[in-house]
Amino acid sequence: MISKKFEGIAASTGIGIGSLYSIKLESDFILRESISEKEVPKELKRFENALKKSIKELKNIKQRIEKNRGKASAIILDTLILLLKDNELIETIKEIIREEKVRSEWAIHLVRLKYERIFEDFDNEYFKDRINDVNDALNRLMDNLKSRGIKDKEIPENKPIIILADDIPPSEMANLITRENLKGVILTKGGLNSHSVILLKAFEIPAVINLKTELSEIYDGTEVIVDGIEGEVIFNPSLAIKKEYLNKKEQYEKYLIELKSVKTLPSKTADNFPFKIMANIELPEEVDLALSFGAEGIGLFRTEFLYLFSDNEPTLEEQEKIYLTVLDKMNGKPVVIRTVDIGGEKKSAFFSIDDEDNPALGLRGVRYFLKNPKILEGQIKAILKSSKKHKVKILFPMVTEVEEIRELKEMTLNIAKAEKIERENFDIGIMIEVPSAALIIDKLAKEVDYVSIGTNDLIQYTLAVDRGNPTVNYLYKAINPAILRLIKMVADEGKKSGIEVQICGEMASNPIFAMVLLGLGIRSISMSPIAIPLVKRTLRASCIKNLKRISKEALNLSSADEVKEFVIESFLKSCPKTLFENINLIKK
Ligand code: PEP
Ligand code: MG
């Protein structure tokens, strides 16, 4: 196979090289996936099940057509059923599975090629066209083989691997990324702001999503390079290409080390205006990484991953230990612990959430826990207990109305009283991540000590764009004036009522957007640790005077594209050119 390069969207920076392994692939790739001798009977069973299901489906369709349109119209269905019952065809597929020790998909693919060659040789156009019937039957068979999950597949432990999938839900990604040998991820779908991509960034695993490819055959085990800087994937690289990328990988790693040196410098703009730059983490193990990148605090500890990563619900003692590990390591620097934001795309066996038509608008975050308070009460107790040693900032997700925060506050204060914990040991804050919360910020501000704007969801809910849906990704624009106006409202109200306003959405990890946020009046931003050095360097080189002027004008523009063009032009004029060596970081 010759070397082939394809483009997608860079989702997590870095360069990864390894052997390809595919999971949950439902697109048009056909893989030559090998299996062990032991797995052959299971694979034959899987094939037989798909075959039975396909025949049953065809029979049902046939019955429906006969009923509505008469017997003659259903003849084509007979042909398809006969094809799937054809002994020679079925036995050939099974033989390939047995002899070559491959998955059914590859065996069907080979049989399809064989039939295409036979039909190709027919002189008669009518017979030539019968290949369409064969394809129709085989496509149905392929469809019924889909949806194999990660668990059904053995991924090798002993060599560097690159995973290829259409998309991977956060609960499965959580298990995958802890593998030492995972060197990269390629998704044919996926959203830049999905929780799965957030996890990949947190674990510094290079990733390319929305891969555009016309490949029809990919072999598991093929060598592949994931370039999460440019958003490219190279299958089967030649030696020369591999050398080029190994070199690029080295350069990137050197660049990161050089960039990290900014961590010892003060967080102040060129005209001496202070800002705070913190890290978002999903696991306590990430604190060291956050500190190594210069985080001045943990602006968001997403605790739902404690549940997604483990098979058991963490006990109170285990939780307290985890929170204390983070607090001890941060040693007095601010730490925001967010209570579990389960629901939406984040599903876990511990929480019984019924299937919902619209999970993003359903029982998510505090909505679930106000109905089922036990787990939340336990979590609040563990957080409060850890606050005896270091001050903690508790953060509640998905608050949409005043009554919710009043109830949560009462719950927290009651637990604090019972545990004899001083009020000054903890702050209570809410995420501003739905438009309603931003619009009544003057009312909410009276109830809390601080707020944190979650732009990932604020963008999704304001613009009505599913953050994980690639089809509408083009509308997911952080600098849409509607978003900037909401942020400005919250920043202004924070100043007026004297409460701190932080940003913990990924928007802040884009240096240009971070400049806009500072200009809008935000002083405290939190992001994936790896993004901190570049954002800090960019903000240190800018002047708050210019940022304020430019952001103010941006608020009056009509669209995200106008804002983007305007801010880039203006920043280019008013800031040092060196700042924009990474201008390609503006992806949305
Ligand atoms: C957000 O919505 O911006 C946020 C930080 O929360 P999450 O990404 O976990 O939904
Ligand atoms: Mg959110």
# chains A, B, ... in the order shown; residues from 1 in each chain; ligands from 1

$ residues_near_ligand --ligand "ligand 1" --cutoff "6 Å" --atoms "only C-alpha atoms and all ligand atoms" --output "list in words"
Glu433, Gly454, Thr455, Asn456, Asp457, Cys504 and Gly505 of chain A

$ write_last_selection --atoms "N, CA, C and O atoms" --output "CSV table (one decimal), in the first residue's frame"
chain,number,residue,atom,x,y,z
A,433,GLU,N,-23.6,28.8,31.9
A,433,GLU,CA,-23.4,28.1,30.7
A,433,GLU,C,-24.7,27.9,29.8
A,433,GLU,O,-24.8,27.2,28.8
A,454,GLY,N,-19.1,28.9,31.4
A,454,GLY,CA,-18.7,27.7,30.6
A,454,GLY,C,-19.1,28.0,29.2
A,454,GLY,O,-20.2,27.7,28.7
A,455,THR,N,-18.1,28.5,28.4
A,455,THR,CA,-18.4,28.8,27.0
A,455,THR,C,-18.7,27.6,26.2
A,455,THR,O,-19.5,27.7,25.2
A,456,ASN,N,-18.2,26.4,26.5
A,456,ASN,CA,-18.5,25.3,25.7
A,456,ASN,C,-20.0,25.1,25.6
A,456,ASN,O,-20.6,24.8,24.5
A,457,ASP,N,-20.7,25.1,26.7
A,457,ASP,CA,-22.2,24.9,26.6
A,457,ASP,C,-22.9,26.2,26.3
A,457,ASP,O,-23.9,26.2,25.7
A,504,CYS,N,-14.2,29.2,32.1
A,504,CYS,CA,-13.6,27.9,32.1
A,504,CYS,C,-13.9,27.1,30.9
A,504,CYS,O,-13.5,25.9,30.8
A,505,GLY,N,-14.5,27.7,29.9
A,505,GLY,CA,-14.8,27.0,28.6
A,505,GLY,C,-13.5,27.1,27.8
A,505,GLY,O,-12.6,27.9,28.0

$ select_by_dssp --residues "region 99-258 of chain A" --states "strand (DSSP E)" --output "ChimeraX atom specification"
/A:161-165,182-187,207-212,217-219,223-227,232-235

$ atom_distance --atom1 "CA of Val516 (chain A)" --atom2 "CA of Val567 (chain A)"
8.0 Å

$ select_by_dssp --residues "region 315-417 of chain A" --states "alpha helix (DSSP H)" --output "PyMOL selection string"
chain A and resi 316-330+366-371+373-386+402-417

$ closest_residue --among "A:Glu253, A:Glu419, A:Glu345, A:Glu157" --to "ligand 2" --atoms "only C-alpha atoms and all ligand atoms"
A:Glu345

$ closest_residue --among "A:Asn331, A:Asn139, A:Gln460, A:Asn87" --to "ligand 2" --atoms "only C-alpha atoms and all ligand atoms"
A:Gln460

$ residues_around --residues "Gly362 (chain A)" --least-positions-apart "3" --cutoff "8 Å" --atoms "only C-alpha atoms" --output "list in words"
Gly343, Gly344, Glu356, Asn358 and Pro359 of chain A

$ residues_around --residues "region 392-396 of chain A" --least-positions-apart "4" --cutoff "8 Å" --atoms "only C-alpha atoms" --output "list in words"
Leu327, Pro334, Val335, Val336, Ile337, Arg338, Thr339, Gly365, Val366, Ile383, Leu384, Ser386, Ser387, Asn425, Phe426, Asp427, Ile428, Gly429, Ile430 and Met431 of chain A

$ closest_residue --among "A:Ser524, A:Asn181, A:Thr269, A:Thr13" --to "Tyr252 (chain A)" --atoms "only C-alpha atoms"
A:Thr13

$ closest_residue --among "A:Asn193, A:Val326, A:Lys248, A:Leu547" --to "Leu458 (chain A)" --atoms "only C-alpha atoms"
A:Asn193

$ closest_residue --among "A:Pro533, A:Lys67, A:Lys564, A:Lys409" --to "Leu484 (chain A)" --atoms "only C-alpha atoms"
A:Lys564

$ atom_distance --atom1 "CA of Asn272 (chain A)" --atom2 "CA of Ala541 (chain A)"
10.2 Å

$ atom_distance --atom1 "CA of Ile322 (chain A)" --atom2 "CA of Phe203 (chain A)"
18.2 Å

$ closest_residue --among "A:Ile81, A:Leu291, A:Leu20, A:Leu316" --to "Glu223 (chain A)" --atoms "only C-alpha atoms"
A:Leu20

$ decode --residues "region 168-204 of chain A" --atoms "N, CA, C and O atoms" --output "tab-separated table (two decimals), in the first residue's frame"
chain	number	residue	atom	x	y	z
A	168	ILE	N	-16.21	8.52	19.57
A	168	ILE	CA	-16.10	7.70	20.78
A	168	ILE	C	-16.74	8.48	21.92
A	168	ILE	O	-16.33	9.61	22.19
A	169	PRO	N	-17.74	7.93	22.59
A	169	PRO	CA	-18.37	8.67	23.69
A	169	PRO	C	-17.40	8.84	24.86
A	169	PRO	O	-16.48	8.03	25.02
A	170	PRO	N	-17.60	9.88	25.67
A	170	PRO	CA	-16.63	10.17	26.75
A	170	PRO	C	-16.39	9.00	27.69
A	170	PRO	O	-15.25	8.79	28.13
A	171	SER	N	-17.44	8.21	27.99
A	171	SER	CA	-17.23	7.10	28.92
A	171	SER	C	-16.24	6.09	28.35
A	171	SER	O	-15.43	5.52	29.07
A	172	GLU	N	-16.29	5.85	27.04
A	172	GLU	CA	-15.35	4.90	26.43
A	172	GLU	C	-13.98	5.55	26.25
A	172	GLU	O	-12.94	4.91	26.41
A	173	MET	N	-13.99	6.85	25.92
A	173	MET	CA	-12.71	7.54	25.74
A	173	MET	C	-11.95	7.53	27.06
A	173	MET	O	-10.73	7.38	27.09
A	174	ALA	N	-12.69	7.68	28.16
A	174	ALA	CA	-12.07	7.71	29.49
A	174	ALA	C	-11.28	6.43	29.73
A	174	ALA	O	-10.20	6.46	30.33
A	175	ASN	N	-11.78	5.30	29.25
A	175	ASN	CA	-11.05	4.05	29.43
A	175	ASN	C	-9.87	3.93	28.48
A	175	ASN	O	-8.82	3.41	28.83
A	176	LEU	N	-10.07	4.44	27.27
A	176	LEU	CA	-9.02	4.31	26.26
A	176	LEU	C	-7.77	5.12	26.57
A	176	LEU	O	-6.66	4.64	26.42
A	177	ILE	N	-8.00	6.39	26.99
A	177	ILE	CA	-6.84	7.28	27.09
A	177	ILE	C	-5.86	6.93	28.20
A	177	ILE	O	-4.76	7.45	28.22
A	178	THR	N	-6.26	6.04	29.10
A	178	THR	CA	-5.31	5.69	30.14
A	178	THR	C	-4.29	4.65	29.65
A	178	THR	O	-3.34	4.33	30.34
A	179	ARG	N	-4.50	4.15	28.42
A	179	ARG	CA	-3.53	3.19	27.87
A	179	ARG	C	-2.23	3.90	27.53
A	179	ARG	O	-2.25	4.86	26.75
A	180	GLU	N	-1.16	3.40	28.08
A	180	GLU	CA	0.15	4.01	27.84
A	180	GLU	C	0.51	4.02	26.36
A	180	GLU	O	1.18	4.91	25.88
A	181	ASN	N	0.06	2.96	25.64
A	181	ASN	CA	0.51	2.83	24.25
A	181	ASN	C	-0.40	3.56	23.25
A	181	ASN	O	-0.21	3.44	22.06
A	182	LEU	N	-1.37	4.32	23.74
A	182	LEU	CA	-2.22	5.09	22.81
A	182	LEU	C	-1.47	6.35	22.38
A	182	LEU	O	-1.20	7.23	23.19
A	183	LYS	N	-1.14	6.43	21.08
A	183	LYS	CA	-0.31	7.54	20.62
A	183	LYS	C	-1.08	8.56	19.77
A	183	LYS	O	-0.55	9.57	19.36
A	184	GLY	N	-2.33	8.24	19.48
A	184	GLY	CA	-3.11	9.20	18.69
A	184	GLY	C	-4.50	8.68	18.43
A	184	GLY	O	-4.77	7.48	18.59
A	185	VAL	N	-5.41	9.60	18.09
A	185	VAL	CA	-6.79	9.21	17.80
A	185	VAL	C	-7.24	9.92	16.53
A	185	VAL	O	-6.96	11.10	16.33
A	186	ILE	N	-7.93	9.16	15.68
A	186	ILE	CA	-8.51	9.74	14.46
A	186	ILE	C	-10.00	9.48	14.51
A	186	ILE	O	-10.43	8.34	14.70
A	187	LEU	N	-10.79	10.53	14.36
A	187	LEU	CA	-12.23	10.35	14.31
A	187	LEU	C	-12.73	10.83	12.95
A	187	LEU	O	-12.27	11.87	12.45
A	188	THR	N	-13.66	10.10	12.36
A	188	THR	CA	-14.21	10.58	11.08
A	188	THR	C	-15.31	11.59	11.35
A	188	THR	O	-15.70	12.33	10.49
A	189	LYS	N	-15.83	11.57	12.59
A	189	LYS	CA	-16.84	12.56	12.97
A	189	LYS	C	-16.30	13.34	14.18
A	189	LYS	O	-15.16	13.67	14.21
A	190	GLY	N	-17.16	13.61	15.15
A	190	GLY	CA	-16.69	14.25	16.39
A	190	GLY	C	-16.74	15.76	16.32
A	190	GLY	O	-16.71	16.35	15.25
A	191	GLY	N	-16.85	16.37	17.50
A	191	GLY	CA	-16.90	17.83	17.59
A	191	GLY	C	-15.70	18.33	18.36
A	191	GLY	O	-15.24	17.68	19.30
A	192	LEU	N	-15.18	19.49	17.95
A	192	LEU	CA	-13.99	20.07	18.59
A	192	LEU	C	-14.18	20.32	20.07
A	192	LEU	O	-13.22	20.32	20.83
A	193	ASN	N	-15.43	20.56	20.49
A	193	ASN	CA	-15.67	20.89	21.89
A	193	ASN	C	-16.35	19.78	22.66
A	193	ASN	O	-16.91	20.00	23.71
A	194	SER	N	-16.32	18.58	22.09
A	194	SER	CA	-16.94	17.45	22.77
A	194	SER	C	-16.09	17.07	23.99
A	194	SER	O	-14.90	17.39	24.05
A	195	HIS	N	-16.71	16.39	24.95
A	195	HIS	CA	-15.96	16.00	26.14
A	195	HIS	C	-14.86	15.00	25.79
A	195	HIS	O	-13.84	14.93	26.46
A	196	SER	N	-15.08	14.21	24.74
A	196	SER	CA	-14.04	13.25	24.35
A	196	SER	C	-12.79	13.99	23.89
A	196	SER	O	-11.66	13.61	24.23
A	197	VAL	N	-12.98	15.06	23.12
A	197	VAL	CA	-11.82	15.82	22.64
A	197	VAL	C	-11.15	16.54	23.81
A	197	VAL	O	-9.92	16.61	23.90
A	198	ILE	N	-11.95	17.01	24.76
A	198	ILE	CA	-11.39	17.66	25.96
A	198	ILE	C	-10.48	16.67	26.70
A	198	ILE	O	-9.38	17.00	27.14
A	199	LEU	N	-10.92	15.41	26.79
A	199	LEU	CA	-10.11	14.38	27.45
A	199	LEU	C	-8.81	14.14	26.69
A	199	LEU	O	-7.74	14.00	27.29
A	200	LEU	N	-8.90	14.09	25.36
A	200	LEU	CA	-7.70	13.86	24.56
A	200	LEU	C	-6.67	14.97	24.79
A	200	LEU	O	-5.48	14.71	24.93
A	201	LYS	N	-7.17	16.20	24.84
A	201	LYS	CA	-6.26	17.33	25.07
A	201	LYS	C	-5.65	17.23	26.46
A	201	LYS	O	-4.45	17.46	26.64
A	202	ALA	N	-6.49	16.87	27.44
A	202	ALA	CA	-5.99	16.79	28.82
A	202	ALA	C	-4.87	15.77	28.93
A	202	ALA	O	-3.92	15.95	29.67
A	203	PHE	N	-4.97	14.68	28.17
A	203	PHE	CA	-3.97	13.63	28.26
A	203	PHE	C	-2.89	13.78	27.18
A	203	PHE	O	-2.10	12.88	26.96
A	204	GLU	N	-2.92	14.92	26.50
A	204	GLU	CA	-1.93	15.25	25.46
A	204	GLU	C	-1.81	14.16	24.41
A	204	GLU	O	-0.71	13.77	24.03
